[in-house]
$ cat model16.pdb   # PDB, C-alpha atoms
ATOM      1  CA  MET A   1      -6.207  -3.419 -32.332
ATOM      2  CA  ASN A   2      -2.927  -1.583 -32.010
ATOM      3  CA  TYR A   3      -0.568  -4.403 -31.052
ATOM      4  CA  ARG A   4       2.238  -1.941 -30.333
ATOM      5  CA  GLU A   5       0.310   0.083 -27.767
ATOM      6  CA  LYS A   6       1.523  -0.863 -24.317
ATOM      7  CA  LEU A   7      -0.529  -1.636 -21.270
ATOM      8  CA  THR A   8      -0.691   1.053 -18.579
ATOM      9  CA  ARG A   9      -2.398   1.366 -15.229
ATOM     10  CA  ASP A  10      -4.914   3.679 -16.926
ATOM     11  CA  ASN A  11      -5.929   1.692 -20.011
ATOM     12  CA  CYS A  12      -6.734  -1.844 -18.837
ATOM     13  CA  VAL A  13      -9.074  -3.873 -16.682
ATOM     14  CA  VAL A  14      -8.546  -7.333 -15.152
ATOM     15  CA  VAL A  15     -11.113 -10.129 -15.473
ATOM     16  CA  LEU A  16     -10.647 -13.232 -13.295
ATOM     17  CA  VAL A  17     -12.428 -16.187 -14.893
ATOM     18  CA  ASP A  18     -13.766 -18.941 -12.627
ATOM     19  CA  PHE A  19     -10.926 -19.549 -10.189
ATOM     20  CA  LEU A  20     -12.999 -22.250  -8.501
ATOM     21  CA  ASP A  21     -11.523 -25.427  -7.029
ATOM     22  CA  GLY A  22     -14.350 -27.616  -8.336
ATOM     23  CA  PHE A  23     -12.923 -27.233 -11.829
ATOM     24  CA  LEU A  24      -9.417 -28.403 -10.896
ATOM     25  CA  PRO A  25      -9.942 -32.125 -11.619
ATOM     26  CA  GLY A  26     -10.501 -31.324 -15.302
ATOM     27  CA  LEU A  27      -7.312 -29.297 -15.669
ATOM     28  CA  LYS A  28      -4.473 -31.414 -17.029
ATOM     29  CA  THR A  29      -2.284 -28.891 -18.874
ATOM     30  CA  ILE A  30      -0.944 -27.009 -15.847
ATOM     31  CA  ASN A  31       0.102 -28.147 -12.392
ATOM     32  CA  HIS A  32      -2.657 -27.186  -9.945
ATOM     33  CA  ASP A  33      -0.291 -25.656  -7.386
ATOM     34  CA  LEU A  34       1.366 -23.601 -10.116
ATOM     35  CA  LEU A  35      -2.037 -22.453 -11.375
ATOM     36  CA  ARG A  36      -2.996 -21.331  -7.879
ATOM     37  CA  LYS A  37       0.279 -19.434  -7.478
ATOM     38  CA  ASN A  38      -0.089 -17.778 -10.869
ATOM     39  CA  ALA A  39      -3.705 -16.840 -10.155
ATOM     40  CA  GLU A  40      -2.653 -15.276  -6.860
ATOM     41  CA  ALA A  41       0.140 -13.341  -8.561
ATOM     42  CA  PHE A  42      -2.314 -12.110 -11.229
ATOM     43  CA  VAL A  43      -4.831 -10.792  -8.703
ATOM     44  CA  ARG A  44      -2.053  -9.300  -6.559
ATOM     45  CA  LEU A  45      -0.632  -7.373  -9.504
ATOM     46  CA  SER A  46      -4.123  -6.005 -10.193
ATOM     47  CA  LYS A  47      -4.084  -4.643  -6.651
ATOM     48  CA  ILE A  48      -0.518  -3.307  -6.841
ATOM     49  CA  PHE A  49      -1.413  -1.174  -9.856
ATOM     50  CA  ASN A  50      -4.947  -0.404  -8.651
ATOM     51  CA  LEU A  51      -6.465  -1.895 -11.794
ATOM     52  CA  PRO A  52     -10.236  -2.218 -11.996
ATOM     53  CA  THR A  53     -10.998  -5.914 -11.549
ATOM     54  CA  ILE A  54     -14.009  -8.120 -12.199
ATOM     55  CA  MET A  55     -14.172 -11.560 -10.586
ATOM     56  CA  LEU A  56     -16.376 -14.049 -12.427
ATOM     57  CA  GLY A  57     -17.906 -17.230 -11.094
ATOM     58  CA  GLU A  58     -20.323 -18.630  -8.586
ATOM     59  CA  GLU A  59     -19.599 -20.944  -5.709
ATOM     60  CA  GLY A  60     -21.471 -24.118  -4.921
ATOM     61  CA  GLY A  61     -22.255 -27.506  -6.371
ATOM     62  CA  PHE A  62     -19.733 -28.914  -8.809
ATOM     63  CA  ARG A  63     -18.013 -25.527  -9.033
ATOM     64  CA  GLY A  64     -16.733 -25.673  -5.474
ATOM     65  CA  LYS A  65     -15.240 -22.595  -3.821
ATOM     66  CA  PHE A  66     -13.087 -19.758  -5.093
ATOM     67  CA  PHE A  67      -9.356 -20.252  -4.592
ATOM     68  CA  ALA A  68      -8.636 -18.907  -1.092
ATOM     69  CA  GLU A  69      -5.412 -17.288  -2.309
ATOM     70  CA  VAL A  70      -7.344 -15.331  -4.942
ATOM     71  CA  VAL A  71     -10.128 -14.258  -2.576
ATOM     72  CA  ALA A  72      -7.539 -13.051  -0.043
ATOM     73  CA  HIS A  73      -6.345 -10.390  -2.510
ATOM     74  CA  ALA A  74      -9.579  -9.654  -4.402
ATOM     75  CA  ASP A  75     -11.367  -7.327  -1.997
ATOM     76  CA  HIS A  76     -11.153  -4.606  -4.679
ATOM     77  CA  ALA A  77     -12.849  -6.802  -7.302
ATOM     78  CA  ILE A  78     -16.395  -6.445  -8.574
ATOM     79  CA  ARG A  79     -18.018  -9.881  -8.268
ATOM     80  CA  VAL A  80     -20.273 -11.084 -11.054
ATOM     81  CA  GLU A  81     -22.156 -14.364 -10.997
ATOM     82  CA  ARG A  82     -23.248 -15.843 -14.262
ATOM     83  CA  HIS A  83     -24.791 -18.974 -15.693
ATOM     84  CA  THR A  84     -23.343 -18.795 -19.199
ATOM     85  CA  PRO A  85     -20.048 -20.081 -20.636
ATOM     86  CA  SER A  86     -19.259 -16.568 -21.872
ATOM     87  CA  ALA A  87     -19.598 -13.828 -19.288
ATOM     88  CA  TRP A  88     -20.541 -11.543 -22.168
ATOM     89  CA  ASP A  89     -23.982 -13.172 -22.170
ATOM     90  CA  GLU A  90     -24.523 -11.914 -18.623
ATOM     91  CA  PRO A  91     -25.900  -8.325 -18.817
ATOM     92  CA  VAL A  92     -24.452  -7.439 -15.401
ATOM     93  CA  PHE A  93     -20.949  -8.211 -16.671
ATOM     94  CA  ARG A  94     -21.421  -6.138 -19.831
ATOM     95  CA  ASP A  95     -22.728  -3.217 -17.787
ATOM     96  CA  LYS A  96     -19.895  -3.353 -15.236
ATOM     97  CA  LEU A  97     -17.254  -3.592 -17.973
ATOM     98  CA  ALA A  98     -18.765  -0.683 -19.913
ATOM     99  CA  MET A  99     -18.922   1.367 -16.704
ATOM    100  CA  LEU A 100     -15.157   0.969 -16.253
ATOM    101  CA  GLY A 101     -14.566   2.534 -19.675
ATOM    102  CA  ARG A 102     -11.428   0.634 -20.632
ATOM    103  CA  LYS A 103     -10.958  -1.325 -23.852
ATOM    104  CA  LYS A 104      -7.939  -3.462 -22.934
ATOM    105  CA  VAL A 105      -9.131  -6.518 -20.993
ATOM    106  CA  LEU A 106      -6.588  -8.743 -19.225
ATOM    107  CA  LEU A 107      -8.306 -12.053 -18.661
ATOM    108  CA  GLY A 108      -7.499 -15.597 -17.776
ATOM    109  CA  GLY A 109      -8.776 -18.559 -15.882
ATOM    110  CA  ILE A 110     -10.641 -21.808 -16.116
ATOM    111  CA  SER A 111     -10.961 -23.099 -18.675
ATOM    112  CA  LEU A 112      -8.864 -21.764 -21.491
ATOM    113  CA  ASP A 113     -10.817 -23.563 -24.213
ATOM    114  CA  ILE A 114     -14.312 -22.921 -22.871
ATOM    115  CA  CYS A 115     -15.105 -19.884 -20.691
ATOM    116  CA  THR A 116     -11.943 -17.909 -21.416
ATOM    117  CA  LEU A 117     -12.176 -18.632 -25.142
ATOM    118  CA  GLN A 118     -15.872 -17.771 -25.419
ATOM    119  CA  LEU A 119     -15.460 -14.506 -23.510
ATOM    120  CA  THR A 120     -12.411 -13.561 -25.587
ATOM    121  CA  LEU A 121     -14.283 -14.028 -28.863
ATOM    122  CA  ASP A 122     -17.244 -12.004 -27.601
ATOM    123  CA  LEU A 123     -14.973  -9.206 -26.352
ATOM    124  CA  LEU A 124     -13.320  -8.982 -29.759
ATOM    125  CA  GLU A 125     -16.685  -8.868 -31.496
ATOM    126  CA  ALA A 126     -17.778  -6.052 -29.169
ATOM    127  CA  GLY A 127     -14.698  -3.939 -29.914
ATOM    128  CA  TYR A 128     -12.620  -4.699 -26.823
ATOM    129  CA  GLU A 129      -8.942  -5.704 -26.880
ATOM    130  CA  PRO A 130      -8.457  -8.954 -24.949
ATOM    131  CA  TYR A 131      -5.077  -9.978 -23.566
ATOM    132  CA  VAL A 132      -5.268 -13.635 -22.526
ATOM    133  CA  VAL A 133      -3.028 -14.439 -19.565
ATOM    134  CA  VAL A 134      -2.024 -17.957 -20.536
ATOM    135  CA  ASP A 135      -0.252 -18.977 -17.342
ATOM    136  CA  VAL A 136      -3.321 -18.416 -15.159
ATOM    137  CA  SER A 137      -5.352 -20.681 -17.410
ATOM    138  CA  GLY A 138      -5.529 -24.334 -18.316
ATOM    139  CA  SER A 139      -7.468 -27.002 -20.143
ATOM    140  CA  ASP A 140      -8.185 -30.723 -20.105
ATOM    141  CA  THR A 141      -5.784 -31.678 -22.935
ATOM    142  CA  SER A 142      -2.826 -30.069 -24.662
ATOM    143  CA  LEU A 143      -4.627 -30.439 -27.981
ATOM    144  CA  ASN A 144      -7.660 -28.495 -26.753
ATOM    145  CA  GLU A 145      -5.437 -25.847 -25.185
ATOM    146  CA  THR A 146      -3.410 -25.383 -28.388
ATOM    147  CA  ALA A 147      -6.573 -25.154 -30.479
ATOM    148  CA  ALA A 148      -7.968 -22.478 -28.144
ATOM    149  CA  LEU A 149      -4.725 -20.457 -28.184
ATOM    150  CA  LEU A 150      -4.640 -20.603 -31.981
ATOM    151  CA  ARG A 151      -8.280 -19.634 -32.357
ATOM    152  CA  MET A 152      -7.964 -16.658 -30.004
ATOM    153  CA  THR A 153      -4.748 -15.501 -31.669
ATOM    154  CA  GLN A 154      -6.245 -15.842 -35.144
ATOM    155  CA  ALA A 155      -9.266 -13.864 -33.980
ATOM    156  CA  GLY A 156      -7.000 -11.038 -32.820
ATOM    157  CA  ALA A 157      -6.399 -11.518 -29.100
ATOM    158  CA  VAL A 158      -2.940 -11.093 -27.539
ATOM    159  CA  MET A 159      -1.336 -13.887 -25.490
ATOM    160  CA  VAL A 160       0.651 -12.772 -22.415
ATOM    161  CA  SER A 161       1.888 -13.956 -19.016
ATOM    162  CA  TRP A 162       1.237 -12.343 -15.653
ATOM    163  CA  ALA A 163       4.917 -11.421 -15.275
ATOM    164  CA  SER A 164       5.066  -9.773 -18.700
ATOM    165  CA  ILE A 165       2.008  -7.691 -17.778
ATOM    166  CA  ALA A 166       3.588  -6.659 -14.481
ATOM    167  CA  SER A 167       6.789  -5.489 -16.182
ATOM    168  CA  GLU A 168       4.936  -3.704 -18.966
ATOM    169  CA  ILE A 169       2.738  -1.704 -16.616
ATOM    170  CA  MET A 170       5.529  -1.039 -14.108
ATOM    171  CA  LYS A 171       7.988   0.218 -16.769
ATOM    172  CA  ASP A 172      10.704   1.083 -14.236
ATOM    173  CA  TRP A 173      11.980  -0.674 -11.110
ATOM    174  CA  GLU A 174      12.391   2.777  -9.503
ATOM    175  CA  THR A 175       8.642   3.380  -9.428
ATOM    176  CA  PRO A 176       6.796   2.973  -6.115
ATOM    177  CA  GLU A 177       5.441  -0.357  -7.396
ATOM    178  CA  GLY A 178       8.858  -1.674  -8.454
ATOM    179  CA  PRO A 179       9.716  -3.374  -5.142
ATOM    180  CA  GLN A 180       6.251  -4.956  -4.968
ATOM    181  CA  VAL A 181       6.617  -6.367  -8.479
ATOM    182  CA  GLY A 182      10.086  -7.629  -7.544
ATOM    183  CA  GLN A 183       8.577  -9.358  -4.519
ATOM    184  CA  LEU A 184       5.945 -10.991  -6.740
ATOM    185  CA  TYR A 185       8.693 -12.289  -9.016
ATOM    186  CA  GLN A 186      10.608 -13.629  -6.022
ATOM    187  CA  GLU A 187       7.602 -15.389  -4.516
ATOM    188  CA  PHE A 188       5.680 -16.526  -7.574
ATOM    189  CA  SER A 189       7.987 -17.021 -10.523
ATOM    190  CA  TYR A 190      10.977 -19.044 -11.600
ATOM    191  CA  TRP A 191      12.900 -15.775 -11.710
ATOM    192  CA  GLY A 192      12.887 -15.950  -7.927
ATOM    193  CA  ASN A 193      13.760 -19.668  -7.993
ATOM    194  CA  ARG A 194      11.052 -20.346  -5.413
ATOM    195  CA  LEU A 195       8.819 -22.661  -7.447
TER     196      LEU A 195
END
$ encode --input "model16.pdb" --output "structure tokens"
Amino acid sequence: MNYREKLTRDNCVVVLVDFLDGFLPGLKTINHDLLRKNAEAFVRLSKIFNLPTIMLGEEGGFRGKFFAEVVAHADHAIRVERHTPSAWDEPVFRDKLAMLGRKKVLLGGISLDICTLQLTLDLLEAGYEPYVVVDVSGSDTSLNETAALLRMTQAGAVMVSWASIASEIMKDWETPEGPQVGQLYQEFSYWGNRL
């Protein structure tokens, strides 16, 4: 992995991991409202920059329903159901990701120490470059979350935030996307003092 190579609108893909409300009771390391806001910002930035996006998860039973605020902005996403902790073990996901032809994978979601971790390790093993969006993810305990962050970092993944991704891809406030990114910051980050 070239850790100095920056993200661009042409070299990355977004993977949304299990933004399902049935998993919320187990999340203790991030405020649920903040998680929802961050998840919405993440999917909205994927749309602003027209990034290929894969939405993982299946509704029903203990999983509940997808976050409404994510679904509202994910009409461009390829939906993939799976029955495995790591989406990599679902052939449809592997095929869709390969079809997109991009090695840098921006991923995050529920839970950081299970589904996000397992997918990250498998992506690394397969030659992809995962960027784990830590503020759209969470876990059941701080200890489990820290262990997952350390394991993914030691394995070679990059830890980022949705706002850092937005700035990196945008590069310049004078671009057509600049005002949209500014609006995201105003509505969904502490930079806008609206949280």
$ closest_residue --input "model16.pdb" --among "A:Leu112, A:Gly192, A:Ala98, A:Glu90" --to "Thr146 (chain A)" --atoms "all atoms listed in the file"
A:Leu112
$ residues_around --input "model16.pdb" --residues "Met99 (chain A)" --least-positions-apart "5" --cutoff "12 Å" --atoms "all atoms listed in the file" --output "list in words"
Val13, Pro52, Thr53, Ile54, Ile78, Val92, Phe93 and Arg94 of chain A
$ axis_aligned_box --input "model16.pdb" --around "region 61-69 of chain A" --padding-each-side "6 Å" --output "AutoDock Vina command-line options"
--center_x -13.8 --center_y -23.1 --center_z -5.1 --size_x 28.8 --size_y 23.6 --size_z 19.9
$ closest_residue --input "model16.pdb" --among "A:Arg79, A:Glu5, A:Leu117, A:Asp135" --to "Leu150 (chain A)" --atoms "all atoms listed in the file"
A:Leu117
$ residues_near_point --input "model16.pdb" --point "(-11.9, -3.7, -24.9)" --cutoff "10 Å" --atoms "only C-alpha atoms" --output "list in words"
Met1, Asn11, Cys12, Val13, Leu97, Ala98, Gly101, Arg102, Lys103, Lys104, Val105, Leu106, Thr120, Leu123, Leu124, Glu125, Ala126, Gly127, Tyr128, Glu129, Pro130 and Tyr131 of chain A
$ closest_atom_pairs --input "model16.pdb" --of "region 39-111 of chain A" --to "region 17-35 of chain A" --cutoff "7 Å" --atoms "all atoms listed in the file" --output "tab-separated table"
residue	atom	partner	partner_atom	distance
A:Ala39	CA	A:Leu35	CA	6.0
A:Met55	CA	A:Val17	CA	6.6
A:Leu56	CA	A:Val17	CA	5.1
A:Gly57	CA	A:Asp18	CA	4.7
A:Phe62	CA	A:Gly22	CA	5.6
A:Arg63	CA	A:Gly22	CA	4.3
A:Gly64	CA	A:Gly22	CA	4.2
A:Lys65	CA	A:Leu20	CA	5.2
A:Phe66	CA	A:Leu20	CA	4.2
A:Phe67	CA	A:Leu20	CA	5.7
A:Leu107	CA	A:Val17	CA	6.9
A:Gly108	CA	A:Val17	CA	5.7
A:Gly109	CA	A:Val17	CA	4.5
A:Ile110	CA	A:Asp18	CA	5.5
$ decode --input "model16.pdb" --residues "region 8-115 of chain A" --atoms "C-alpha atoms" --output "short mmCIF file (atom, residue, chain, number, x, y, z; two decimals), in the first residue's frame"
data_model
loop_
_atom_site.label_atom_id
_atom_site.label_comp_id
_atom_site.auth_asym_id
_atom_site.auth_seq_id
_atom_site.Cartn_x
_atom_site.Cartn_y
_atom_site.Cartn_z
CA THR A 8 -9.55 10.78 -5.67
CA ARG A 9 -12.98 10.47 -7.20
CA ASP A 10 -11.45 8.02 -9.70
CA ASN A 11 -9.54 5.61 -7.45
CA CYS A 12 -11.92 4.59 -4.65
CA VAL A 13 -15.17 2.81 -3.92
CA VAL A 14 -17.47 3.15 -0.89
CA VAL A 15 -18.77 0.14 1.05
CA LEU A 16 -21.57 0.72 3.59
CA VAL A 17 -21.53 -2.05 6.18
CA ASP A 18 -24.81 -3.02 7.85
CA PHE A 19 -26.40 0.32 8.69
CA LEU A 20 -29.36 -1.51 10.23
CA ASP A 21 -31.25 -0.27 13.28
CA GLY A 22 -31.54 -3.75 14.80
CA PHE A 23 -27.84 -3.60 15.64
CA LEU A 24 -28.05 -0.30 17.53
CA PRO A 25 -28.68 -1.77 21.00
CA GLY A 26 -25.25 -3.42 20.92
CA LEU A 27 -23.39 -0.23 20.04
CA LYS A 28 -22.00 1.47 23.13
CA THR A 29 -18.92 3.31 21.82
CA ILE A 30 -20.71 5.98 19.78
CA ASN A 31 -23.90 7.93 20.36
CA HIS A 32 -26.62 6.46 18.12
CA ASP A 33 -27.80 9.83 16.80
CA LEU A 34 -24.22 10.79 15.98
CA LEU A 35 -23.69 7.46 14.22
CA ARG A 36 -26.79 8.04 12.11
CA LYS A 37 -25.64 11.55 11.20
CA ASN A 38 -22.16 10.34 10.31
CA ALA A 39 -23.55 7.47 8.24
CA GLU A 40 -25.76 9.90 6.34
CA ALA A 41 -22.83 12.24 5.73
CA PHE A 42 -20.73 9.30 4.47
CA VAL A 43 -23.33 8.15 1.95
CA ARG A 44 -24.03 11.74 0.88
CA LEU A 45 -20.36 12.38 0.16
CA SER A 46 -20.31 9.21 -1.96
CA LYS A 47 -23.10 10.77 -4.02
CA ILE A 48 -21.50 14.22 -4.19
CA PHE A 49 -18.36 12.76 -5.76
CA ASN A 50 -20.23 10.11 -7.76
CA LEU A 51 -18.26 7.31 -6.10
CA PRO A 52 -19.25 3.73 -6.84
CA THR A 53 -21.01 2.46 -3.72
CA ILE A 54 -21.95 -0.96 -2.39
CA MET A 55 -24.52 -1.21 0.41
CA LEU A 56 -24.23 -4.37 2.50
CA GLY A 57 -26.86 -5.93 4.73
CA GLU A 58 -30.25 -7.53 4.77
CA GLU A 59 -33.37 -6.31 6.49
CA GLY A 60 -35.59 -8.37 8.73
CA GLY A 61 -35.54 -10.26 11.98
CA PHE A 62 -33.04 -9.10 14.57
CA ARG A 63 -31.30 -6.93 11.96
CA GLY A 64 -34.22 -4.54 11.66
CA LYS A 65 -34.35 -1.98 8.86
CA PHE A 66 -31.71 0.10 7.12
CA PHE A 67 -31.26 3.59 8.54
CA ALA A 68 -33.82 5.75 6.71
CA GLU A 69 -31.30 8.59 6.40
CA VAL A 70 -28.86 6.28 4.61
CA VAL A 71 -31.47 4.78 2.28
CA ALA A 72 -32.66 8.28 1.33
CA HIS A 73 -29.27 9.03 -0.24
CA ALA A 74 -28.24 5.55 -1.44
CA ASP A 75 -30.22 5.22 -4.66
CA HIS A 76 -26.89 5.00 -6.53
CA ALA A 77 -25.66 2.09 -4.38
CA ILE A 78 -25.41 -1.53 -5.45
CA ARG A 79 -27.20 -3.58 -2.78
CA VAL A 80 -25.68 -6.87 -1.69
CA GLU A 81 -27.27 -9.21 0.81
CA ARG A 82 -25.07 -11.66 2.61
CA HIS A 83 -25.17 -14.19 5.40
CA THR A 84 -21.52 -14.07 6.44
CA PRO A 85 -19.67 -11.82 8.91
CA SER A 86 -17.25 -10.84 6.14
CA ALA A 87 -18.85 -9.70 2.91
CA TRP A 88 -15.80 -11.12 1.16
CA ASP A 89 -17.28 -14.59 1.69
CA GLU A 90 -20.27 -13.59 -0.43
CA PRO A 91 -19.38 -14.21 -4.13
CA VAL A 92 -21.80 -11.50 -5.30
CA PHE A 93 -19.89 -8.90 -3.29
CA ARG A 94 -16.52 -10.04 -4.65
CA ASP A 95 -17.85 -9.93 -8.20
CA LYS A 96 -19.40 -6.47 -7.84
CA LEU A 97 -16.24 -5.07 -6.24
CA ALA A 98 -14.01 -6.56 -8.95
CA MET A 99 -16.34 -5.17 -11.62
CA LEU A 100 -15.80 -1.64 -10.27
CA GLY A 101 -12.05 -2.00 -10.79
CA ARG A 102 -10.87 0.16 -7.90
CA LYS A 103 -8.41 -0.94 -5.22
CA LYS A 104 -9.04 1.72 -2.57
CA VAL A 105 -12.08 0.72 -0.50
CA LEU A 106 -13.65 3.23 1.90
CA LEU A 107 -15.66 1.20 4.37
CA GLY A 108 -17.33 1.55 7.70
CA GLY A 109 -20.32 0.47 9.66
CA ILE A 110 -21.63 -1.96 12.21
CA SER A 111 -19.80 -3.41 13.89
CA LEU A 112 -16.23 -2.22 13.88
CA ASP A 113 -14.87 -5.32 15.61
CA ILE A 114 -16.88 -7.92 13.70
CA CYS A 115 -18.16 -7.28 10.16
#
